[in-house]
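Dumped work02.txt below, it's compact mmCIF, C-alpha atoms and all ligand atoms:
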```txt
# COMPACT_ATOMS: atom_id res chain seq x y z
CA MET A 977 118.94 90.60 97.72
CA LYS A 978 119.12 91.59 94.02
CA MET A 979 117.48 94.96 93.39
CA LYS A 980 115.01 95.51 90.56
CA VAL A 981 116.14 97.70 87.70
CA THR A 982 113.75 100.65 87.52
CA LYS A 983 115.98 103.50 86.27
CA ALA A 984 117.36 103.95 82.78
CA VAL A 985 119.83 106.48 81.43
CA PHE A 986 119.50 107.64 77.82
CA PRO A 987 122.73 109.33 76.74
CA VAL A 988 121.64 111.67 73.96
CA ALA A 989 124.27 114.39 74.18
CA GLY A 990 126.36 113.26 71.20
CA MET A 991 126.66 115.58 68.22
CA GLY A 992 125.50 113.08 65.60
CA THR A 993 128.08 114.29 63.09
CA ARG A 994 127.51 111.32 60.77
CA PHE A 995 124.08 112.76 59.96
CA LEU A 996 125.08 116.34 59.23
CA PRO A 997 123.55 118.51 57.94
CA ALA A 998 120.29 116.93 59.25
CA THR A 999 121.57 116.97 62.84
CA LYS A 1000 122.52 120.64 62.69
CA ALA A 1001 119.02 121.52 63.85
CA VAL A 1002 117.36 118.17 64.65
CA PRO A 1003 118.73 115.87 67.35
CA LYS A 1004 119.71 112.48 65.93
CA GLU A 1005 117.31 110.81 68.38
CA MET A 1006 114.43 112.76 66.85
CA MET A 1007 115.02 111.38 63.37
CA THR A 1008 112.07 109.41 62.14
CA LEU A 1009 112.05 105.66 61.69
CA VAL A 1010 108.83 105.01 59.72
CA ASP A 1011 106.58 107.34 61.73
CA ARG A 1012 108.15 107.82 65.15
CA PRO A 1013 111.44 109.21 66.34
CA LEU A 1014 114.25 106.88 67.40
CA ILE A 1015 113.80 107.94 71.01
CA GLN A 1016 110.23 106.58 71.07
CA TYR A 1017 111.49 103.06 70.28
CA ALA A 1018 113.96 103.34 73.15
CA ILE A 1019 111.32 104.56 75.59
CA ASP A 1020 108.88 101.81 74.58
CA GLU A 1021 111.59 99.19 75.09
CA ALA A 1022 112.44 100.61 78.51
CA ARG A 1023 108.79 100.67 79.58
CA ALA A 1024 108.36 97.02 78.53
CA ALA A 1025 111.34 96.16 80.75
CA GLY A 1026 109.72 97.75 83.80
CA ILE A 1027 111.67 101.03 83.79
CA ARG A 1028 109.88 103.78 85.72
CA ASP A 1029 112.47 106.55 85.88
CA PHE A 1030 113.86 107.89 82.62
CA ILE A 1031 117.02 109.97 82.80
CA PHE A 1032 118.09 111.83 79.67
CA VAL A 1033 121.61 113.18 79.40
CA THR A 1034 121.22 115.97 76.88
CA ALA A 1035 123.21 118.87 75.49
CA ARG A 1036 122.68 122.20 73.80
CA GLY A 1037 120.40 121.98 70.78
CA LYS A 1038 118.40 119.02 72.10
CA SER A 1039 115.30 120.86 73.33
CA ALA A 1040 113.12 119.13 70.68
CA LEU A 1041 113.45 116.00 72.83
CA GLU A 1042 111.93 117.72 75.84
CA ASP A 1043 109.10 119.11 73.74
CA TYR A 1044 108.41 115.70 72.27
CA PHE A 1045 107.65 114.17 75.67
CA ASP A 1046 105.57 117.11 76.83
CA ALA A 1047 101.79 117.20 76.70
CA ALA A 1048 100.31 118.79 73.56
CA PRO A 1049 96.90 120.05 74.79
CA GLU A 1050 95.95 122.01 71.66
CA LEU A 1051 96.80 119.14 69.34
CA GLU A 1052 94.96 116.65 71.57
CA ALA A 1053 91.87 118.88 71.71
CA THR A 1054 91.84 119.24 67.92
CA LEU A 1055 92.11 115.46 67.40
CA ARG A 1056 89.40 114.82 70.03
CA LYS A 1057 87.08 117.30 68.37
CA ALA A 1058 87.67 115.69 64.99
CA GLY A 1059 86.97 112.24 66.44
CA LYS A 1060 90.46 111.01 65.47
CA ASP A 1061 90.69 108.59 68.39
CA GLU A 1062 93.39 106.37 66.96
CA LEU A 1063 95.74 109.31 66.40
CA LEU A 1064 94.90 110.59 69.85
CA GLN A 1065 95.99 107.28 71.39
CA THR A 1066 99.21 107.34 69.33
CA LEU A 1067 99.90 110.84 70.59
CA LYS A 1068 99.17 109.94 74.20
CA ALA A 1069 101.81 107.19 74.08
CA THR A 1070 104.38 110.00 73.88
CA ASN A 1071 103.27 111.60 77.15
CA MET A 1072 105.28 110.75 80.23
CA ASP A 1073 103.98 110.78 83.79
CA SER A 1074 104.90 113.96 85.65
CA GLY A 1075 108.21 113.42 87.38
CA ALA A 1076 109.07 110.21 85.49
CA ILE A 1077 111.52 111.91 83.17
CA ALA A 1078 114.56 113.98 84.11
CA TYR A 1079 116.97 115.91 81.91
CA ILE A 1080 120.60 116.49 82.78
CA ARG A 1081 123.05 118.48 80.71
CA GLN A 1082 126.39 117.09 79.68
CA HIS A 1083 128.18 120.40 79.30
CA LYS A 1084 130.98 119.01 77.10
CA ALA A 1085 130.85 115.98 74.80
CA LEU A 1086 133.54 114.05 76.70
CA GLY A 1087 132.28 110.62 75.72
CA LEU A 1088 129.63 108.05 76.55
CA GLY A 1089 131.22 107.19 79.90
CA HIS A 1090 131.16 110.83 80.92
CA ALA A 1091 127.53 111.17 79.81
CA VAL A 1092 126.49 108.26 82.05
CA TRP A 1093 128.56 109.66 84.92
CA CYS A 1094 126.61 112.94 84.62
CA ALA A 1095 123.51 111.02 85.79
CA ARG A 1096 125.16 109.65 88.95
CA ARG A 1097 123.23 111.73 91.48
CA LEU A 1098 119.88 110.65 90.08
CA ILE A 1099 120.87 107.00 89.96
CA GLY A 1100 122.05 106.75 93.54
CA ASP A 1101 122.94 103.31 94.88
CA GLU A 1102 121.03 100.87 92.72
CA PRO A 1103 121.51 98.98 89.46
CA PHE A 1104 120.43 100.89 86.38
CA ALA A 1105 120.02 100.41 82.65
CA VAL A 1106 121.67 102.39 79.87
CA ILE A 1107 120.02 102.56 76.45
CA LEU A 1108 121.63 104.09 73.38
CA PRO A 1109 118.66 105.10 71.24
CA ASP A 1110 120.59 104.89 67.97
CA ASP A 1111 120.84 101.13 68.43
CA VAL A 1112 117.33 100.02 67.48
CA ILE A 1113 116.52 96.37 68.11
CA ALA A 1114 113.69 94.47 66.46
CA ALA A 1115 112.75 91.61 68.76
CA GLU A 1116 109.72 89.59 69.76
CA LYS A 1117 110.52 90.22 73.41
CA PRO A 1118 112.19 93.64 73.74
CA CYS A 1119 115.94 93.36 74.28
CA LEU A 1120 116.10 95.18 77.62
CA GLN A 1121 113.29 93.02 78.98
CA GLN A 1122 115.28 89.90 78.03
CA MET A 1123 118.28 91.38 79.84
CA VAL A 1124 116.36 92.42 82.97
CA GLU A 1125 115.01 88.87 83.26
CA ALA A 1126 118.49 87.35 82.85
CA HIS A 1127 119.97 89.91 85.25
CA ALA A 1128 117.47 88.93 87.95
CA GLU A 1129 119.34 85.59 88.01
CA THR A 1130 122.92 86.80 87.60
CA GLY A 1131 123.23 90.23 89.22
CA GLY A 1132 126.48 92.06 88.39
CA CYS A 1133 126.92 94.06 85.20
CA MET A 1134 125.43 92.90 81.93
CA VAL A 1135 126.07 94.15 78.40
CA ALA A 1136 124.07 93.26 75.28
CA ALA A 1137 126.36 91.34 72.95
CA MET A 1138 126.28 90.39 69.31
CA ASP A 1139 128.58 88.28 67.12
CA VAL A 1140 130.14 90.42 64.40
CA LEU A 1141 132.40 89.71 61.44
CA PRO A 1142 136.09 89.77 62.50
CA GLU A 1143 136.78 92.65 60.10
CA ARG A 1144 134.09 94.75 61.83
CA ALA A 1145 135.26 94.14 65.42
CA HIS A 1146 137.42 97.29 65.43
CA ALA A 1147 134.26 99.43 65.40
CA TYR A 1148 132.93 98.07 68.73
CA GLY A 1149 133.74 97.36 72.33
CA VAL A 1150 134.74 93.68 72.23
CA LEU A 1151 134.46 91.03 74.95
CA ASP A 1152 137.24 88.75 76.11
CA ILE A 1153 135.18 85.64 76.85
CA GLY A 1154 135.67 83.55 79.98
CA GLN A 1155 132.92 80.94 79.84
CA ASP A 1156 130.54 80.84 76.89
CA LEU A 1157 127.18 79.41 77.92
CA GLY A 1158 125.42 80.37 74.70
CA GLU A 1159 123.01 83.13 75.61
CA LEU A 1160 125.06 84.15 78.60
CA VAL A 1161 128.79 84.72 78.54
CA SER A 1162 131.05 85.41 81.47
CA VAL A 1163 133.42 88.21 80.61
CA ARG A 1164 137.14 88.22 81.38
CA GLY A 1165 138.00 91.54 79.81
CA MET A 1166 136.76 94.23 77.44
CA VAL A 1167 138.52 96.34 74.82
CA GLU A 1168 137.04 99.44 73.22
CA LYS A 1169 137.62 99.65 69.45
CA PRO A 1170 140.56 97.19 69.26
CA ALA A 1171 143.12 97.73 66.48
CA THR A 1172 142.40 95.49 63.48
CA GLY A 1173 143.46 91.90 64.16
CA THR A 1174 143.80 92.35 67.94
CA ALA A 1175 140.18 91.82 69.07
CA PRO A 1176 139.93 89.15 71.81
CA SER A 1177 136.76 87.70 70.20
CA ASN A 1178 134.04 88.53 67.68
CA LEU A 1179 131.51 89.24 70.40
CA ALA A 1180 130.75 92.95 70.34
CA VAL A 1181 128.96 95.14 72.85
CA ILE A 1182 125.95 97.08 71.60
CA GLY A 1183 123.88 99.82 73.17
CA ARG A 1184 122.07 98.13 76.06
CA TYR A 1185 123.62 97.80 79.50
CA ILE A 1186 122.59 96.95 83.04
CA LEU A 1187 125.17 98.39 85.39
CA THR A 1188 125.90 98.43 89.08
CA PRO A 1189 126.47 101.73 90.89
CA SER A 1190 130.15 100.84 91.35
CA VAL A 1191 130.59 101.55 87.61
CA LEU A 1192 129.76 105.18 88.40
CA ARG A 1193 132.54 105.23 90.98
CA ASN A 1194 134.92 103.71 88.41
CA LEU A 1195 133.95 106.46 85.98
CA SER A 1196 135.18 109.04 88.51
CA GLN A 1197 138.58 107.38 88.54
CA ILE A 1198 139.40 106.23 85.01
CA LYS A 1199 141.24 108.35 82.46
CA PRO A 1200 140.11 109.09 78.89
CA SER A 1201 141.18 106.37 76.42
CA ALA A 1202 140.09 105.53 72.83
CA GLY A 1203 139.37 108.77 70.95
CA GLY A 1204 140.28 110.89 74.02
CA GLU A 1205 136.84 110.08 75.48
CA LEU A 1206 135.85 108.69 78.87
CA GLN A 1207 134.82 105.19 77.84
CA LEU A 1208 132.00 103.30 79.51
CA THR A 1209 133.73 100.07 78.45
CA ASP A 1210 136.77 100.93 80.59
CA ALA A 1211 134.59 101.60 83.65
CA ILE A 1212 132.85 98.23 83.20
CA ALA A 1213 136.20 96.47 82.65
CA ALA A 1214 137.36 97.98 85.97
CA GLU A 1215 134.65 95.90 87.67
CA LEU A 1216 136.49 92.77 86.51
CA ALA A 1217 139.75 94.05 87.97
CA ASP A 1218 137.90 94.42 91.29
CA GLY A 1219 136.69 90.80 91.08
CA ARG A 1220 133.06 91.62 90.27
CA ASP A 1221 130.97 89.84 87.65
CA VAL A 1222 130.35 91.12 84.13
CA PHE A 1223 128.17 89.16 81.72
CA GLY A 1224 127.63 89.40 78.00
CA PHE A 1225 124.07 88.64 76.89
CA ARG A 1226 123.40 87.40 73.36
CA PHE A 1227 119.96 88.89 72.90
CA ARG A 1228 117.37 87.43 70.56
CA GLY A 1229 116.58 90.00 67.90
CA GLU A 1230 118.06 92.09 65.12
CA ARG A 1231 120.01 95.21 65.87
CA PHE A 1232 120.16 98.17 63.51
CA ASP A 1233 122.86 100.79 63.83
CA CYS A 1234 120.71 103.86 63.28
CA GLY A 1235 123.72 106.06 64.11
CA SER A 1236 125.00 105.25 60.61
CA LYS A 1237 123.29 106.12 57.33
CA ALA A 1238 123.32 102.58 55.93
CA GLY A 1239 121.99 101.17 59.22
CA PHE A 1240 119.23 103.76 59.35
CA LEU A 1241 118.13 102.96 55.80
CA GLN A 1242 118.15 99.22 56.54
CA ALA A 1243 116.03 99.81 59.66
CA THR A 1244 113.59 101.91 57.64
CA VAL A 1245 113.08 99.05 55.18
CA ALA A 1246 112.88 96.34 57.87
CA PHE A 1247 110.48 98.28 60.12
CA GLY A 1248 108.42 99.36 57.12
CA LEU A 1249 108.07 95.75 55.95
CA ALA A 1250 107.08 94.70 59.47
CA ARG A 1251 104.16 97.13 59.49
CA PRO A 1252 100.85 95.64 58.30
CA ASP A 1253 99.75 99.02 56.89
CA LEU A 1254 102.91 99.45 54.77
CA ARG A 1255 104.09 95.91 54.08
CA ASP A 1256 102.31 95.35 50.75
CA GLU A 1257 103.03 98.68 49.10
CA LEU A 1258 106.65 98.81 50.22
CA GLY A 1259 107.26 95.13 49.40
CA GLU A 1260 105.88 95.62 45.92
CA TYR A 1261 108.07 98.66 45.36
CA LEU A 1262 111.19 96.83 46.52
CA ARG A 1263 110.46 93.80 44.35
CA ALA A 1264 109.95 96.02 41.29
CA LEU A 1265 113.12 97.96 42.07
CA ILE A 1266 115.22 94.81 42.36
CA ALA A 1267 113.73 93.39 39.13
CA GLN A 1268 114.53 96.66 37.35
CA ARG A 1269 118.13 96.64 38.58
CA GLU A 1270 118.63 93.01 37.63
CA ALA A 1271 117.24 93.66 34.16
CA ALA A 1272 119.65 96.57 33.71
CA GLU A 1273 122.72 94.45 34.65
P1 LIG B 1301 128.18 108.11 69.07
O1 LIG B 1301 129.50 107.47 69.12
O2 LIG B 1301 127.18 107.54 68.14
O3 LIG B 1301 128.39 109.65 68.81
O4 LIG B 1301 127.61 108.08 70.55
P2 LIG B 1301 127.37 110.74 68.29
O5 LIG B 1301 127.91 112.07 68.61
O6 LIG B 1301 125.98 110.45 68.82
O7 LIG B 1301 127.32 110.51 66.71
P3 LIG B 1301 128.45 110.76 65.59
O8 LIG B 1301 129.45 109.64 65.72
O9 LIG B 1301 129.06 112.13 65.77
O10 LIG B 1301 127.67 110.68 64.31
C1 LIG B 1301 126.99 106.95 71.12
C2 LIG B 1301 125.95 107.40 72.13
O11 LIG B 1301 126.58 108.12 73.18
C3 LIG B 1301 126.00 109.41 73.33
C4 LIG B 1301 125.37 109.71 71.97
O12 LIG B 1301 124.33 110.64 72.10
C5 LIG B 1301 124.89 108.32 71.53
O13 LIG B 1301 123.66 107.99 72.13
N1 LIG B 1301 127.09 110.37 73.70
C6 LIG B 1301 128.28 110.31 73.08
C7 LIG B 1301 126.84 111.29 74.69
O14 LIG B 1301 125.73 111.37 75.27
N2 LIG B 1301 127.85 112.14 75.03
C8 LIG B 1301 129.08 112.10 74.44
O15 LIG B 1301 129.95 112.90 74.82
C9 LIG B 1301 129.28 111.16 73.44
```

Could I get this structure in the form of structure tokens?
Ligand code: UTP
Amino acid sequence: MKMKVTKAVFPVAGMGTRFLPATKAVPKEMMTLVDRPLIQYAIDEARAAGIRDFIFVTARGKSALEDYFDAAPELEATLRKAGKDELLQTLKATNMDSGAIAYIRQHKALGLGHAVWCARRLIGDEPFAVILPDDVIAAEKPCLQQMVEAHAETGGCMVAAMDVLPERAHAYGVLDIGQDLGELVSVRGMVEKPATGTAPSNLAVIGRYILTPSVLRNLSQIKPSAGGELQLTDAIAAELADGRDVFGFRFRGERFDCGSKAGFLQATVAFGLARPDLRDELGEYLRALIAQREAAE
């Protein structure tokens, strides 16, 4: 019988060097996209997919994340007193049920694979999701929910996949495709950050995974590879070597790389324009800006 996916790991122990100096004191996952931190988008997506246990792999300097999900009784009381019900509801969406969220320290930044491995005791022997909060996905049906539904049919491991330009493939984990069924792809192999011109396809892995517990066992055995880090991609590829299924899933939606400055700015514009309360003002500003630039050329 296929088990339901109810646990998700959020690896948030990276140093976020691309956003220095901002990330010197503020965790990257706490940076604000429109009016909520990146981590809130990830949590909302996980909830929509039926996740009940949230496991954060954190590091030194990330305590703002723990505070964010804590109750804020004084603030709530002030808003209640002032009759600011809408804000109160917004605030309450950040509260987590007692016991639903767990924090584990990754004591050394040894890579994404190592961060996931740090959560092994809390995951136990069941399939689990991994969400990288700096990949923000705008979608009608949240990406992880799409994946959980597909996974209920396939079992095995599943990675979110996206077609990228050939010249960008070197920046991703890339799939070697067995059978391409459109939305679903059977995977024959995976390469993390292939050297330019050597990628087996243009189908890149992005930050949503559903993994079997055997991946955690693989993580105990593999050696560091690309960048001297313990790569999650290698541990998933080891499943293939053992004859187990790995699927790529072409999700429906738009992914923003909020781990990069350009991606974060693009997400800010796209999410701003999608908001009914901001759409008109922001749209008008952008139109005027473009007209001004065109006139100057
Ligand atoms: P990134 O490659 O984006 O690294 O990690 P980073 O440290 O967050 O950012 P830069 O490149 O220095 O700007 C991808 C994901 O893996 C997590 C990160 O927190 C992010 O969610 N990660 C990475 C860990 O949890 N631990 C690690 O050792 C490395």

Hey, which bits of chain A sit within 8 Å of ligand LIG 1301 (chain B), and for each residue what's the closest pair of atoms and how far apart in Å (one decimal), counting all atoms listed in the file, rows by chain and increasing number, as JSON lines?
```
{"residue": "A:Phe986", "atom": "CA", "partner": "B:LIG1301", "partner_atom": "O13", "distance": 7.1}
{"residue": "A:Pro987", "atom": "CA", "partner": "B:LIG1301", "partner_atom": "O14", "distance": 3.9}
{"residue": "A:Val988", "atom": "CA", "partner": "B:LIG1301", "partner_atom": "O12", "distance": 3.4}
{"residue": "A:Ala989", "atom": "CA", "partner": "B:LIG1301", "partner_atom": "O14", "distance": 3.5}
{"residue": "A:Gly990", "atom": "CA", "partner": "B:LIG1301", "partner_atom": "O5", "distance": 3.2}
{"residue": "A:Met991", "atom": "CA", "partner": "B:LIG1301", "partner_atom": "O5", "distance": 3.7}
{"residue": "A:Gly992", "atom": "CA", "partner": "B:LIG1301", "partner_atom": "O7", "distance": 3.3}
{"residue": "A:Thr993", "atom": "CA", "partner": "B:LIG1301", "partner_atom": "O9", "distance": 3.6}
{"residue": "A:Arg994", "atom": "CA", "partner": "B:LIG1301", "partner_atom": "O10", "distance": 3.6}
{"residue": "A:Phe995", "atom": "CA", "partner": "B:LIG1301", "partner_atom": "O10", "distance": 6.0}
{"residue": "A:Lys1004", "atom": "CA", "partner": "B:LIG1301", "partner_atom": "O6", "distance": 7.2}
{"residue": "A:Glu1005", "atom": "CA", "partner": "B:LIG1301", "partner_atom": "O13", "distance": 7.9}
{"residue": "A:Val1033", "atom": "CA", "partner": "B:LIG1301", "partner_atom": "O14", "distance": 6.1}
{"residue": "A:Thr1034", "atom": "CA", "partner": "B:LIG1301", "partner_atom": "O14", "distance": 6.6}
{"residue": "A:Ala1035", "atom": "CA", "partner": "B:LIG1301", "partner_atom": "O14", "distance": 7.9}
{"residue": "A:Gln1082", "atom": "CA", "partner": "B:LIG1301", "partner_atom": "N2", "distance": 6.9}
{"residue": "A:Lys1084", "atom": "CA", "partner": "B:LIG1301", "partner_atom": "O15", "distance": 6.6}
{"residue": "A:Ala1085", "atom": "CA", "partner": "B:LIG1301", "partner_atom": "O15", "distance": 3.2}
{"residue": "A:Leu1086", "atom": "CA", "partner": "B:LIG1301", "partner_atom": "O15", "distance": 4.2}
{"residue": "A:Gly1087", "atom": "CA", "partner": "B:LIG1301", "partner_atom": "O15", "distance": 3.4}
{"residue": "A:Leu1088", "atom": "CA", "partner": "B:LIG1301", "partner_atom": "C6", "distance": 4.4}
{"residue": "A:Gly1089", "atom": "CA", "partner": "B:LIG1301", "partner_atom": "C8", "distance": 7.6}
{"residue": "A:His1090", "atom": "CA", "partner": "B:LIG1301", "partner_atom": "O15", "distance": 6.6}
{"residue": "A:Ala1091", "atom": "CA", "partner": "B:LIG1301", "partner_atom": "O14", "distance": 4.9}
{"residue": "A:Val1092", "atom": "CA", "partner": "B:LIG1301", "partner_atom": "O14", "distance": 7.5}
{"residue": "A:Ile1107", "atom": "CA", "partner": "B:LIG1301", "partner_atom": "O13", "distance": 7.8}
{"residue": "A:Leu1108", "atom": "CA", "partner": "B:LIG1301", "partner_atom": "O13", "distance": 4.6}
{"residue": "A:Pro1109", "atom": "CA", "partner": "B:LIG1301", "partner_atom": "O13", "distance": 5.8}
{"residue": "A:Asp1110", "atom": "CA", "partner": "B:LIG1301", "partner_atom": "O13", "distance": 6.0}
{"residue": "A:Gly1183", "atom": "CA", "partner": "B:LIG1301", "partner_atom": "C2", "distance": 7.9}
{"residue": "A:Glu1205", "atom": "CA", "partner": "B:LIG1301", "partner_atom": "O15", "distance": 7.5}
{"residue": "A:Gly1235", "atom": "CA", "partner": "B:LIG1301", "partner_atom": "O2", "distance": 5.5}
{"residue": "A:Ser1236", "atom": "CA", "partner": "B:LIG1301", "partner_atom": "O10", "distance": 7.1}
```

Might you pull out every residue within 12 Å of Glu1116 in chain A, with only C-alpha atoms counted and same-chain residues fewer than 5 positions away left off, and present them as a PyMOL selection string?
chain A and resi 1021+1024+1121-1122+1227-1230+1250

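When all atoms listed in the file are used to measure the gap to Ser1074 in chain A, the shortest distance among A:Glu1062, A:Ser1039, A:Trp1093, A:Phe1030 belongs to A:Phe1030.
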
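Restricting the calculation to only C-alpha atoms, the smallest distance between Thr1174 in chain A and any of A:Met979, A:Ile1186, A:Val1150, A:Val1191 is found for A:Val1150.
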
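The gap separating CA of Ala1018 in chain A from CA of Asp1073 in chain A is 16.4 Å, in Å to one decimal.
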
Give me, please, the distance in Å between CA of Ile1153 in chain A and CA of Glu1125 in chain A, quoted to one decimal.
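Between these atoms lies a distance of 21.4 Å.
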
Please identify all polymer residues within 6 Å of Pro1142 in chain A, counting only C-alpha atoms, omitting same-chain residues fewer than 2 positions from it, and present them as a list in words.
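Returned residues: Arg1144, Ala1145 and Asn1178 of chain A.
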
So how far away is CA of Gly1026 in chain A from CA of Met1123 in chain A, in Å?
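Atom-to-atom, CA of Met1123 in chain A to CA of Gly1026 in chain A, that is 11.4 Å.
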
Of the listed residues A:Lys1057, A:Gly1219, A:Ala1114, A:Val1181, that which approaches Phe1232 in chain A most closely, counting all atoms listed in the file
A:Ala1114

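Once Ala1246 in chain A and its same-chain neighbours fewer than 2 positions away are set aside, Val1010, Ala1114, Glu1230, Phe1232, Phe1240, Leu1241, Gln1242, Ala1243, Thr1244, Gly1248, Leu1249, Ala1250, Arg1251 and Arg1255 of chain A remain within 10 Å of it when counting only C-alpha atoms.
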
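Candidate residues A:Pro1103, A:Gly1154, A:Gly1165, A:Gly1224 were compared for distance to Asp1139 in chain A, and the nearest is A:Gly1224, using only C-alpha atoms.
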
Quick one: residues within 7 Å of Ala1105 in chain A, only C-alpha atoms counted, chain neighbours fewer than 2 positions away excluded, as a PyMOL selection string?
chain A and resi 981+983-985+1107+1185-1187

All residues 10 Å or closer to Glu1042 in chain A, all atoms listed in the file, same chain fewer than 6 positions away omitted, as a ChimeraX atom specification
/A:1032,1034,1077-1079

Take the residues from that selection and put them in a file with C-alpha atoms, as a short mmCIF file (atom, residue, chain, number, x, y, z; two decimals), in the coordinates of the input.
```cif
data_model
loop_
_atom_site.label_atom_id
_atom_site.label_comp_id
_atom_site.auth_asym_id
_atom_site.auth_seq_id
_atom_site.Cartn_x
_atom_site.Cartn_y
_atom_site.Cartn_z
CA PHE A 1032 118.09 111.83 79.67
CA THR A 1034 121.22 115.97 76.88
CA ILE A 1077 111.52 111.91 83.17
CA ALA A 1078 114.56 113.98 84.11
CA TYR A 1079 116.97 115.91 81.91
#
```

So that all listed atoms of range 1147-1163 of chain A fit with 6 Å spare on each side, what axis-aligned box centre and edge lengths in Å, to one decimal, would you give as lines of an AutoDock Vina configuration file?
```
center_x = 130.1
center_y = 89.4
center_z = 73.4
size_x = 26.2
size_y = 32.0
size_z = 28.1
```

Do you know which residues lie at most 7 Å from (128.1, 85.6, 83.3), with coordinates as in the file and all atoms listed in the file counted, and could you write them as a PyMOL selection string?
chain A and resi 1130+1160-1163+1221-1224

Output file for the residues above (C-alpha atoms, as an mmCIF file, in the coordinates of the input):
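And here's out_28.cif as it stands now:
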```
data_model
loop_
_atom_site.group_PDB
_atom_site.id
_atom_site.type_symbol
_atom_site.label_atom_id
_atom_site.label_comp_id
_atom_site.auth_asym_id
_atom_site.auth_seq_id
_atom_site.Cartn_x
_atom_site.Cartn_y
_atom_site.Cartn_z
ATOM 1 C CA THR A 1130 122.920 86.800 87.600
ATOM 2 C CA LEU A 1160 125.060 84.150 78.600
ATOM 3 C CA VAL A 1161 128.790 84.720 78.540
ATOM 4 C CA SER A 1162 131.050 85.410 81.470
ATOM 5 C CA VAL A 1163 133.420 88.210 80.610
ATOM 6 C CA ASP A 1221 130.970 89.840 87.650
ATOM 7 C CA VAL A 1222 130.350 91.120 84.130
ATOM 8 C CA PHE A 1223 128.170 89.160 81.720
ATOM 9 C CA GLY A 1224 127.630 89.400 78.000
#
```

Return the single residue from A:Val1140, A:Ala1213, A:Leu1120, A:Ala1126 that is closest to Arg1164 in chain A, with distances computed using only C-alpha atoms.
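Smallest separation from Arg1164 in chain A among the options: A:Ala1213.
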